[in-house]
Structure formats: structure tokens, C-alpha cells
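**Q** Below you'll find entry-v7.cif; it's mmCIF, C-alpha atoms.
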```cif
data_structure
loop_
_atom_site.label_atom_id
_atom_site.label_comp_id
_atom_site.auth_asym_id
_atom_site.auth_seq_id
_atom_site.Cartn_x
_atom_site.Cartn_y
_atom_site.Cartn_z
CA MET A 27 -24.60 9.83 5.33
CA ALA A 28 -25.39 6.14 5.80
CA THR A 29 -24.68 4.58 9.16
CA ALA A 30 -21.60 2.37 9.15
CA PRO A 31 -22.42 -1.32 9.73
CA PHE A 32 -19.71 -1.73 12.40
CA THR A 33 -16.61 -0.21 13.96
CA MET A 34 -13.31 -1.53 12.69
CA PRO A 35 -11.44 -3.81 15.10
CA GLU A 36 -7.79 -3.37 16.01
CA PHE A 37 -5.87 -5.51 13.54
CA TYR A 38 -2.65 -7.39 14.21
CA VAL A 39 -0.24 -6.10 11.55
CA PRO A 40 3.26 -6.90 12.84
CA HIS A 41 5.29 -5.95 9.77
CA PRO A 42 5.35 -2.30 8.63
CA ALA A 43 3.98 -1.77 5.14
CA ARG A 44 6.44 -0.45 2.56
CA MET A 45 5.77 1.31 -0.73
CA ASN A 46 7.36 0.28 -4.02
CA PRO A 47 9.13 3.27 -5.61
CA HIS A 48 7.69 2.37 -9.04
CA LEU A 49 4.08 3.16 -8.06
CA GLU A 50 3.40 5.88 -10.64
CA ARG A 51 4.80 3.82 -13.49
CA ALA A 52 2.57 0.88 -12.48
CA ARG A 53 -0.48 3.13 -12.35
CA VAL A 54 0.12 4.52 -15.83
CA HIS A 55 1.02 1.16 -17.30
CA SER A 56 -1.94 -0.73 -15.84
CA THR A 57 -4.42 1.92 -16.96
CA GLN A 58 -3.14 1.74 -20.53
CA TRP A 59 -3.10 -2.06 -20.39
CA ALA A 60 -6.73 -2.17 -19.23
CA ARG A 61 -7.64 0.16 -22.08
CA ASP A 62 -5.73 -1.99 -24.59
CA MET A 63 -7.55 -5.11 -23.39
CA GLY A 64 -10.92 -3.37 -23.81
CA MET A 65 -11.81 -3.30 -20.12
CA LEU A 66 -12.83 0.36 -19.95
CA ASP A 67 -16.22 1.74 -20.96
CA THR A 68 -17.61 -1.78 -21.23
CA GLY A 69 -20.54 -1.34 -18.87
CA VAL A 70 -18.42 -3.03 -16.20
CA TRP A 71 -15.65 -0.47 -15.68
CA THR A 72 -15.08 3.14 -16.59
CA PRO A 73 -11.72 4.93 -16.36
CA GLU A 74 -13.03 6.58 -13.19
CA ILE A 75 -13.83 3.22 -11.56
CA LEU A 76 -10.37 1.86 -12.37
CA ALA A 77 -8.68 5.01 -11.09
CA GLY A 78 -10.70 4.87 -7.88
CA ASP A 79 -9.80 1.24 -7.19
CA ASP A 80 -6.13 2.03 -7.91
CA TYR A 81 -4.58 -1.42 -8.32
CA GLY A 82 -1.17 0.13 -8.92
CA PHE A 83 -1.42 1.48 -5.38
CA MET A 84 -2.40 -1.97 -4.13
CA CYS A 85 0.47 -3.76 -5.84
CA ALA A 86 3.04 -1.16 -4.87
CA TRP A 87 2.07 -1.83 -1.24
CA THR A 88 1.88 -5.62 -1.53
CA HIS A 89 5.04 -6.06 -3.65
CA PRO A 90 7.36 -3.33 -2.36
CA ASP A 91 10.59 -4.86 -3.71
CA ALA A 92 9.46 -5.84 -7.21
CA PRO A 93 11.48 -4.32 -10.08
CA ALA A 94 9.58 -1.89 -12.29
CA GLU A 95 8.77 -4.28 -15.14
CA ILE A 96 7.74 -7.04 -12.74
CA LEU A 97 5.52 -4.64 -10.80
CA ASP A 98 3.84 -3.75 -14.10
CA LEU A 99 3.20 -7.42 -14.76
CA ILE A 100 1.90 -8.12 -11.25
CA THR A 101 -0.37 -5.07 -11.36
CA ASP A 102 -1.80 -6.20 -14.70
CA TRP A 103 -2.59 -9.59 -13.16
CA TYR A 104 -4.57 -7.87 -10.38
CA VAL A 105 -6.35 -5.57 -12.81
CA TRP A 106 -7.30 -8.70 -14.70
CA VAL A 107 -8.57 -10.64 -11.67
CA PHE A 108 -10.65 -7.74 -10.32
CA TYR A 109 -12.09 -7.00 -13.75
CA PHE A 110 -12.96 -10.67 -14.10
CA ASP A 111 -14.65 -10.59 -10.68
CA ASP A 112 -16.71 -7.50 -11.52
CA GLU A 113 -17.62 -8.75 -14.99
CA PHE A 114 -18.65 -12.11 -13.56
CA PHE A 115 -20.86 -10.38 -11.01
CA ALA A 116 -22.51 -8.15 -13.61
CA GLU A 117 -23.06 -10.91 -16.15
CA PHE A 118 -23.86 -13.93 -14.01
CA LYS A 119 -24.00 -13.40 -10.22
CA GLN A 120 -26.46 -10.55 -10.32
CA ASN A 121 -29.11 -12.71 -11.95
CA THR A 122 -27.74 -16.04 -10.61
CA ASP A 123 -27.20 -17.42 -14.12
CA VAL A 124 -25.52 -20.70 -13.16
CA THR A 125 -25.59 -22.17 -16.69
CA GLY A 126 -24.13 -19.09 -18.35
CA ALA A 127 -21.51 -18.79 -15.63
CA LYS A 128 -20.32 -22.35 -16.14
CA ALA A 129 -20.00 -21.90 -19.90
CA TYR A 130 -18.05 -18.68 -19.39
CA LEU A 131 -15.67 -20.21 -16.84
CA ASP A 132 -15.12 -23.44 -18.75
CA ARG A 133 -13.33 -21.54 -21.54
CA LEU A 134 -10.72 -19.79 -19.41
CA PRO A 135 -8.28 -22.66 -18.65
CA ALA A 136 -7.72 -23.10 -22.40
CA PHE A 137 -5.93 -19.75 -22.45
CA MET A 138 -3.19 -21.01 -20.07
CA PRO A 139 -1.36 -23.86 -21.86
CA ILE A 140 1.42 -25.20 -19.62
CA ASN A 141 4.04 -25.29 -22.36
CA GLY A 142 2.96 -21.94 -23.76
CA THR A 143 2.88 -23.18 -27.35
CA ASP A 144 -0.42 -25.06 -27.62
CA PRO A 145 -3.05 -23.17 -29.63
CA THR A 146 -5.67 -21.24 -27.68
CA PRO A 147 -9.22 -20.23 -28.62
CA GLN A 148 -9.87 -16.81 -30.11
CA PRO A 149 -10.53 -14.41 -27.22
CA ARG A 150 -14.09 -13.11 -27.11
CA ASN A 151 -13.96 -10.55 -24.31
CA PRO A 152 -11.54 -8.45 -22.21
CA THR A 153 -11.08 -11.19 -19.61
CA GLU A 154 -9.93 -13.69 -22.23
CA ARG A 155 -7.74 -11.17 -24.06
CA GLY A 156 -6.09 -10.17 -20.81
CA LEU A 157 -5.42 -13.75 -19.79
CA VAL A 158 -3.73 -14.55 -23.10
CA ASP A 159 -1.44 -11.54 -22.78
CA LEU A 160 -0.56 -12.14 -19.13
CA TRP A 161 0.15 -15.82 -19.53
CA GLN A 162 2.54 -15.26 -22.41
CA ARG A 163 4.38 -12.56 -20.46
CA THR A 164 4.65 -14.65 -17.28
CA ILE A 165 5.58 -18.18 -18.32
CA PRO A 166 9.09 -17.35 -19.61
CA LEU A 167 9.95 -16.32 -16.04
CA MET A 168 8.82 -19.49 -14.29
CA SER A 169 9.32 -23.27 -14.36
CA GLN A 170 6.86 -25.90 -15.50
CA ASP A 171 6.26 -26.82 -11.86
CA TRP A 172 5.23 -23.25 -11.02
CA ARG A 173 3.04 -23.05 -14.13
CA ARG A 174 1.15 -26.14 -13.01
CA ARG A 175 0.67 -24.75 -9.51
CA PHE A 176 -0.49 -21.39 -10.84
CA THR A 177 -2.94 -22.87 -13.32
CA THR A 178 -4.37 -24.94 -10.45
CA SER A 179 -4.77 -21.79 -8.34
CA THR A 180 -6.43 -19.98 -11.24
CA HIS A 181 -8.75 -22.92 -11.86
CA ASN A 182 -9.68 -22.87 -8.18
CA LEU A 183 -10.62 -19.21 -8.50
CA LEU A 184 -13.11 -20.28 -11.12
CA LEU A 185 -14.48 -22.95 -8.79
CA GLU A 186 -14.98 -20.26 -6.13
CA CYS A 187 -17.12 -18.27 -8.54
CA MET A 188 -19.35 -21.30 -9.14
CA TRP A 189 -19.52 -22.05 -5.42
CA GLU A 190 -20.56 -18.48 -4.66
CA ILE A 191 -23.16 -18.23 -7.40
CA LYS A 192 -24.71 -21.57 -6.43
CA ASN A 193 -24.88 -20.44 -2.80
CA MET A 194 -26.59 -17.23 -3.91
CA ALA A 195 -29.05 -19.15 -6.07
CA SER A 196 -29.96 -21.50 -3.22
CA GLY A 197 -29.71 -18.93 -0.41
CA THR A 198 -27.10 -21.09 1.33
CA VAL A 199 -24.76 -19.66 3.96
CA ALA A 200 -21.92 -22.08 4.80
CA ASN A 201 -21.01 -23.03 8.35
CA PRO A 202 -17.69 -21.61 9.62
CA ILE A 203 -15.61 -24.77 9.12
CA GLU A 204 -16.92 -25.37 5.62
CA TYR A 205 -16.47 -21.71 4.77
CA ILE A 206 -12.83 -21.47 5.91
CA GLU A 207 -11.89 -24.73 4.21
CA MET A 208 -13.61 -23.86 0.95
CA ARG A 209 -12.23 -20.33 0.83
CA ARG A 210 -8.74 -21.69 1.52
CA LYS A 211 -9.10 -24.08 -1.38
CA VAL A 212 -10.71 -21.85 -3.97
CA GLY A 213 -10.14 -18.27 -2.80
CA GLY A 214 -7.77 -15.78 -4.39
CA ALA A 215 -4.98 -15.82 -1.81
CA PRO A 216 -3.19 -19.02 -2.99
CA TRP A 217 -3.15 -17.37 -6.43
CA SER A 218 -1.62 -14.27 -4.82
CA ALA A 219 1.00 -16.40 -3.06
CA ASN A 220 2.04 -17.83 -6.44
CA LEU A 221 2.49 -14.30 -7.78
CA VAL A 222 4.72 -13.49 -4.80
CA GLU A 223 7.13 -16.08 -6.21
CA VAL A 224 7.16 -14.08 -9.45
CA SER A 225 7.57 -10.67 -7.84
CA GLU A 226 10.37 -11.85 -5.54
CA ALA A 227 12.13 -14.00 -8.16
CA ALA A 228 11.88 -16.62 -5.43
CA GLU A 229 10.25 -19.74 -6.82
CA VAL A 230 9.70 -22.36 -4.12
CA PRO A 231 11.79 -25.46 -4.91
CA ALA A 232 9.63 -28.23 -6.33
CA SER A 233 11.19 -30.71 -3.88
CA ILE A 234 9.54 -29.01 -0.89
CA ALA A 235 6.61 -27.10 -2.42
CA GLY A 236 4.16 -29.80 -1.32
CA THR A 237 5.51 -30.34 2.20
CA ARG A 238 3.48 -29.61 5.31
CA PRO A 239 5.34 -26.43 6.40
CA LEU A 240 4.95 -24.84 2.97
CA ARG A 241 1.28 -25.82 2.87
CA VAL A 242 0.76 -24.31 6.33
CA LEU A 243 2.41 -21.07 5.23
CA SER A 244 0.14 -20.92 2.19
CA ASP A 245 -2.96 -21.86 4.20
CA THR A 246 -2.38 -19.36 7.00
CA PHE A 247 -1.47 -16.63 4.52
CA SER A 248 -4.66 -17.40 2.61
CA ASP A 249 -6.92 -17.50 5.67
CA ALA A 250 -5.62 -14.15 6.89
CA ILE A 251 -6.00 -12.49 3.48
CA HIS A 252 -9.55 -13.79 3.03
CA LEU A 253 -10.71 -12.96 6.54
CA ARG A 254 -9.32 -9.43 6.35
CA ASN A 255 -11.04 -8.92 3.02
CA ASP A 256 -14.31 -10.23 4.46
CA ILE A 257 -14.23 -7.53 7.12
CA PHE A 258 -13.45 -4.71 4.72
CA SER A 259 -15.80 -5.92 1.97
CA TYR A 260 -18.79 -6.75 4.22
CA GLU A 261 -20.73 -3.62 3.32
CA ARG A 262 -20.04 -4.00 -0.41
CA GLU A 263 -20.59 -7.76 -0.68
CA VAL A 264 -23.36 -8.42 1.83
CA GLN A 265 -25.33 -5.20 2.06
CA ARG A 266 -24.98 -3.96 -1.53
CA GLU A 267 -24.42 -7.05 -3.68
CA GLY A 268 -26.35 -9.62 -1.67
CA GLU A 269 -23.52 -12.15 -1.54
CA ASN A 270 -23.50 -14.75 1.22
CA SER A 271 -19.90 -16.01 0.96
CA ASN A 272 -18.46 -13.68 3.58
CA GLY A 273 -16.90 -14.69 6.89
CA VAL A 274 -18.60 -11.96 8.91
CA LEU A 275 -22.00 -13.05 7.60
CA VAL A 276 -21.13 -16.70 8.30
CA PHE A 277 -20.35 -15.85 11.93
CA GLU A 278 -23.55 -13.81 12.20
CA LYS A 279 -25.72 -16.64 10.91
CA PHE A 280 -24.04 -19.62 12.57
CA PHE A 281 -23.41 -18.14 16.03
CA GLY A 282 -26.27 -15.66 16.13
CA HIS A 283 -23.83 -12.76 16.52
CA ASP A 284 -24.64 -9.16 15.79
CA THR A 285 -22.40 -7.65 13.11
CA GLN A 286 -19.93 -6.04 15.51
CA THR A 287 -19.44 -9.24 17.51
CA ALA A 288 -19.02 -11.23 14.29
CA VAL A 289 -16.38 -8.78 13.06
CA GLU A 290 -14.43 -9.10 16.31
CA ALA A 291 -14.62 -12.91 16.12
CA VAL A 292 -13.39 -12.94 12.53
CA ASN A 293 -10.52 -10.64 13.47
CA THR A 294 -9.54 -12.91 16.37
CA LEU A 295 -9.38 -15.85 13.97
CA LEU A 296 -7.36 -13.74 11.51
CA THR A 297 -4.83 -12.95 14.25
CA SER A 298 -4.49 -16.60 15.23
CA ARG A 299 -3.69 -17.54 11.63
CA LEU A 300 -0.94 -14.91 11.48
CA HIS A 301 0.52 -16.27 14.71
CA GLN A 302 0.59 -19.78 13.24
CA PHE A 303 2.31 -18.43 10.12
CA GLU A 304 5.04 -16.94 12.31
CA ASN A 305 5.39 -20.09 14.40
CA THR A 306 5.78 -22.21 11.28
CA VAL A 307 8.50 -19.96 9.91
CA PHE A 308 10.57 -20.01 13.09
CA THR A 309 10.07 -23.60 14.25
CA GLU A 310 9.35 -25.73 11.17
CA LEU A 311 11.30 -24.27 8.26
CA PRO A 312 14.76 -24.89 9.80
CA VAL A 313 13.82 -28.53 10.42
CA LEU A 314 12.43 -28.86 6.89
CA PHE A 315 15.63 -27.47 5.38
CA ALA A 316 17.74 -29.93 7.36
CA GLU A 317 15.57 -32.97 6.60
CA HIS A 318 15.47 -32.30 2.86
CA GLY A 319 19.05 -31.13 2.49
CA VAL A 320 17.95 -27.75 1.14
CA GLY A 321 21.05 -25.81 0.13
CA PRO A 322 21.84 -22.20 1.09
CA LEU A 323 20.66 -20.68 -2.19
CA GLU A 324 17.33 -22.51 -2.08
CA GLN A 325 16.91 -21.61 1.60
CA ALA A 326 17.42 -17.96 0.70
CA ARG A 327 14.77 -18.23 -2.01
CA VAL A 328 12.26 -19.71 0.43
CA LEU A 329 12.99 -17.01 2.99
CA LYS A 330 12.61 -14.35 0.33
CA TYR A 331 9.24 -15.90 -0.56
CA VAL A 332 8.23 -15.82 3.13
CA LYS A 333 9.26 -12.17 3.34
CA GLY A 334 7.10 -11.52 0.26
CA LEU A 335 4.09 -13.12 1.96
CA GLN A 336 4.66 -10.90 5.00
CA ASP A 337 4.87 -7.83 2.79
CA TRP A 338 1.61 -8.84 1.10
CA GLN A 339 -0.21 -9.06 4.45
CA SER A 340 0.93 -5.62 5.57
CA GLY A 341 0.58 -3.98 2.18
CA GLY A 342 -2.82 -5.56 1.57
CA HIS A 343 -4.03 -4.18 4.87
CA GLU A 344 -2.79 -0.70 3.96
CA TRP A 345 -4.54 -0.86 0.59
CA HIS A 346 -7.82 -1.91 2.16
CA LEU A 347 -7.67 1.14 4.41
CA HIS A 348 -7.64 3.45 1.41
CA ALA A 349 -9.16 1.51 -1.49
CA GLY A 350 -12.09 3.10 -3.27
CA ARG A 351 -13.36 -0.44 -3.87
CA TYR A 352 -14.40 -0.74 -0.22
CA THR A 353 -16.63 1.57 1.77
CA LYS A 354 -14.94 3.00 4.84
CA VAL A 355 -16.58 2.24 8.15
CA ASP A 356 -16.27 3.74 11.63
CA GLY A 357 -12.67 3.58 12.83
CA GLY A 358 -11.51 3.09 9.24
CA ALA A 359 -9.01 4.83 7.04
CA GLY A 360 -10.22 8.27 8.02
CA ASN A 361 -8.67 7.80 11.45
CA SER A 362 -5.15 7.97 10.07
CA ALA A 363 -3.29 8.43 13.35
CA PHE A 364 -5.05 5.41 14.82
CA PHE A 365 -4.09 3.24 11.88
CA ARG A 366 -0.52 4.48 11.73
CA THR A 367 -0.20 3.25 15.30
CA ILE A 368 -1.57 -0.18 14.41
CA LEU A 369 0.58 -0.48 11.30
CA ARG A 370 3.72 0.14 13.33
CA GLY A 371 2.60 -2.82 15.40
CA PRO A 372 4.65 -4.70 17.98
CA THR A 373 8.35 -5.32 17.54
CA GLY A 374 10.73 -8.02 18.71
CA LEU A 375 10.36 -11.78 18.73
CA GLY A 376 7.57 -13.07 16.52
CA THR A 377 7.45 -10.04 14.27
CA SER A 378 9.83 -9.36 11.40
CA GLY A 379 12.63 -11.26 13.12
CA ALA A 380 16.33 -11.24 12.43
CA TRP A 381 16.16 -14.76 11.05
CA LEU A 382 13.91 -13.60 8.23
CA GLY A 383 16.06 -10.56 7.70
CA VAL A 384 18.63 -12.58 5.76
CA ALA A 385 16.15 -12.77 2.92
CA ARG A 386 16.05 -9.01 2.56
CA GLY A 387 19.62 -9.03 1.26
#
```
Let me see whether you can do it: turn the structure in this file into C-alpha cells.

**A**
Amino acid sequence: MATAPFTMPEFYVPHPARMNPHLERARVHSTQWARDMGMLDTGVWTPEILAGDDYGFMCAWTHPDAPAEILDLITDWYVWVFYFDDEFFAEFKQNTDVTGAKAYLDRLPAFMPINGTDPTPQPRNPTERGLVDLWQRTIPLMSQDWRRRFTTSTHNLLLECMWEIKNMASGTVANPIEYIEMRRKVGGAPWSANLVEVSEAAEVPASIAGTRPLRVLSDTFSDAIHLRNDIFSYEREVQREGENSNGVLVFEKFFGHDTQTAVEAVNTLLTSRLHQFENTVFTELPVLFAEHGVGPLEQARVLKYVKGLQDWQSGGHEWHLHAGRYTKVDGGAGNSAFFRTILRGPTGLGTSGAWLGVARG
């Protein structure tokens, strides 16, 4: 058995993870959807790979209150984004084909017309077919403002792919500040935050979506999601796939840390971002609501969105502990009692909080 690259740190997970009761339906649905889109037996995925990654399990943890049909939709979105990531790696990252990657990515925005009625190109592959289907199923649920924000987040995901492949081609490892800022801008977590609005039926009012407190919530949510993923995916991304866009690697290279020290430093930064998220909720949102005259119904929607972001953090952590996509390391998911203790986490002020509880309804 290979030696684990590091021992898992003790994570700050203040909100208990909860499981959506519609898990089995989401699993069955998403598997059939992936088959219908042509994602299985393509040389990228097999049915066994999809079953091992278990995105229904992931989405049932990260969206515990989503109704059954919405959980199906959300799970399909995550099947799509992970298939896209794996296909992009196999087709372009593995051989650092920058030109081919750009041509492939340049087509995808055309499959997400804001008004939903503009003609789209004929899909050529499972990624394009999946995007057409998902977009048409999602846009009736959301406003034009949300559609614009989500297409921007999706476009930024494409920019991340180009950033990563160019770094691989040049052998560049970003410095910590550049890395955090770039990941925040083009990583997958802002995209995930947009989908929380869908799963919670809690679209952020356009009048405050661009304000500082909402940006801080999105940024801190994103930083924590990305940094956690960097820890869990280090062995897969850095040691197996040769990627260099990983926070643990960045801390190793920039500070001269060994892997264990780098992991602990990344986890400390992750914790600080979660603390800032909590501080923003309790100290800045009430002021924002008062200054902008946000009514009770809109306040409830924002708080429901915040609750959804909290659920995503806790559920995403739980999924990482068990996901077949990531290799377990020392102190990982096998130590179930240890992780049950961490997942219970602290209680009281600064955790779930009674103020946020109003959003649970």
C-alpha cells in the first residue's frame, strides 16, 4: 500500500452535515442522465467510475433541503461539471494542448443563451449535449439577473481551465496571493453558490447581489471550498496528474514547507475564511438590510441562501471524506469516529446561530 502524502488536519466544520432524503432517486436519475448524454463508456468515464464518484451522494449532502426534482437537476449539473473536468484533462491537459483547449472552450458559452430562445450550435460531444439540456431545464426557474450571474460563473470556470493548462505548459506555480485571488475569480465555488440559489429557491435580490457583504460571503465561501478541495485532491492532482494549481503545492513551493506543514497552513487559512463568513453574516447583513430597505420576504430569501452556503460547506466536507474521486490519506475517512467528532464541531455563538435559524422555516 502506498504511503500517504500527509496526515489530515483537524478541520473546522461548525455546522452538522445533513442528508437529503431523496438520495437514491438522485443517484438513479443522474446515472441515467449521464448515459443519455453519452458520458459513459467514452474513454473518459465508465459506469463504474461514475458510481464510485457518486455525485448523488455529494449533492444529497450539499443540498439537504432541495425537493426531489430540484436535487435531480442539481446533481445533473455536478455530473456535467465533473465530466467536463475529466474530459478536459484527458483531451487537453494531459498533453498540454493549449490551442485545442481554447477551441473547445470557446464553443461552450453559445449553449447558454440568456433569453433561452436564441439558436445554439449543434452539440458535438457529451459536454455540449449536457449543457444544452441543463440550461433549458434551469432557466425557467430563475430571473434574467441570475442567468447573467450564472453564465459569468460558468465562463470563469472555462477561464480556470485555460489558466491551469497554461501553468502546466510553462511549469508555473503561482504565489499564494495570486493563487487565492485567481481561484476565487475562476474556480468552481462561485458557480456552486449560484446553484445554491436554485436548490433553496432563494435567489439573491438583484438590488443587493453586488454589494460588499454579499461579495464577501461568496468570496469566503469560495476560498473555503477551494482550499478544502486542494487538501483532499493533493494526491490526485499533484502526484498523479501533475497539476500545479493546488494550494498545498503553492504553499510548499513559495514558503519551502514540507507537505504536512503546507497542509496545516492551508487548513488554517481555510478556517479563517469560515470565521470571516460567520462574522459577515452576523455583523454586516443586518446593516445591509437596513440601509437598502430590504423587506422581510427578501431578508428571508437571503438568510435561506446563507443557510444553503453553510450546508454546502458541511456537506462538501462529508462528501470529500468518502468520495471515490479522492484518495484517502492518514487520518482520513477511515477514522470514522474521529471525523464524527469533528463534524459535530463546536456549538453556540458563531456556529449555526439562532439568527440564521429563521431561514430554516

**Q** Could you write out as a list in words the residues that the PyMOL selection byres ((chain A and resi 287) around 12) matches in the shown file?

**A** Pro31, Phe32, Thr33, Met34, Pro35, Ile257, Val274, Leu275, Val276, Phe277, Glu278, Lys279, Phe281, Gly282, His283, Asp284, Thr285, Gln286, Ala288, Val289, Glu290, Ala291, Val292, Asn293 and Thr294 of chain A

**Q** Between CA of Glu117 in chain A and CA of Glu74 in chain A, what is the distance in Å, rounded to a tenth?

**A**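 That distance, rounded to one decimal, is 20.4 Å.
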
**Q** Apply the PyMOL selection byres ((chain A and resi 319-330) around 7) to the file shown and report the selected residues as a PyMOL selection string.

**A** chain A and resi 226+228-231+315-318+331-334+382+385-386

**Q** Record the distance separating CA of Arg262 in chain A and CA of Leu157 in chain A, expressed in Å with one decimal.

**A**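 If I compute the distance from CA of Arg262 in chain A to CA of Leu157 in chain A, I get 26.2 Å.
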
**Q** If the PyMOL selection byres ((chain A and resi 299) around 9) is run on the structure shown, which residues does it catch, given as a list in words?

**A**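 In the shown coordinates, the PyMOL selection byres ((chain A and resi 299) around 9) covers Asp245, Thr246, Phe247, Asp249, Ala250, Thr294, Leu295, Leu296, Thr297, Ser298, Leu300, His301, Gln302, Phe303 and Glu304 of chain A.
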
**Q** Dump as CSV the rows for residues of range 105-137 of chain A within 12 Å of range 210-218 of chain A: closest atom pair and distance in Å with one decimal, only C-alpha atoms counted, ordered by chain and rising residue number.

**A**
```
residue,atom,partner,partner_atom,distance
A:Val107,CA,A:Gly214,CA,8.9
A:Phe108,CA,A:Gly214,CA,10.4
A:Asp111,CA,A:Gly214,CA,10.7
```

**Q** Given only C-alpha atoms as the basis, pick out the residue of A:Phe110, A:Trp172, A:Tyr260, A:Tyr205 nearest to Ser233 in chain A.

**A**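 Of A:Phe110, A:Trp172, A:Tyr260, A:Tyr205, the one nearest Ser233 in chain A is A:Trp172, counting only C-alpha atoms.
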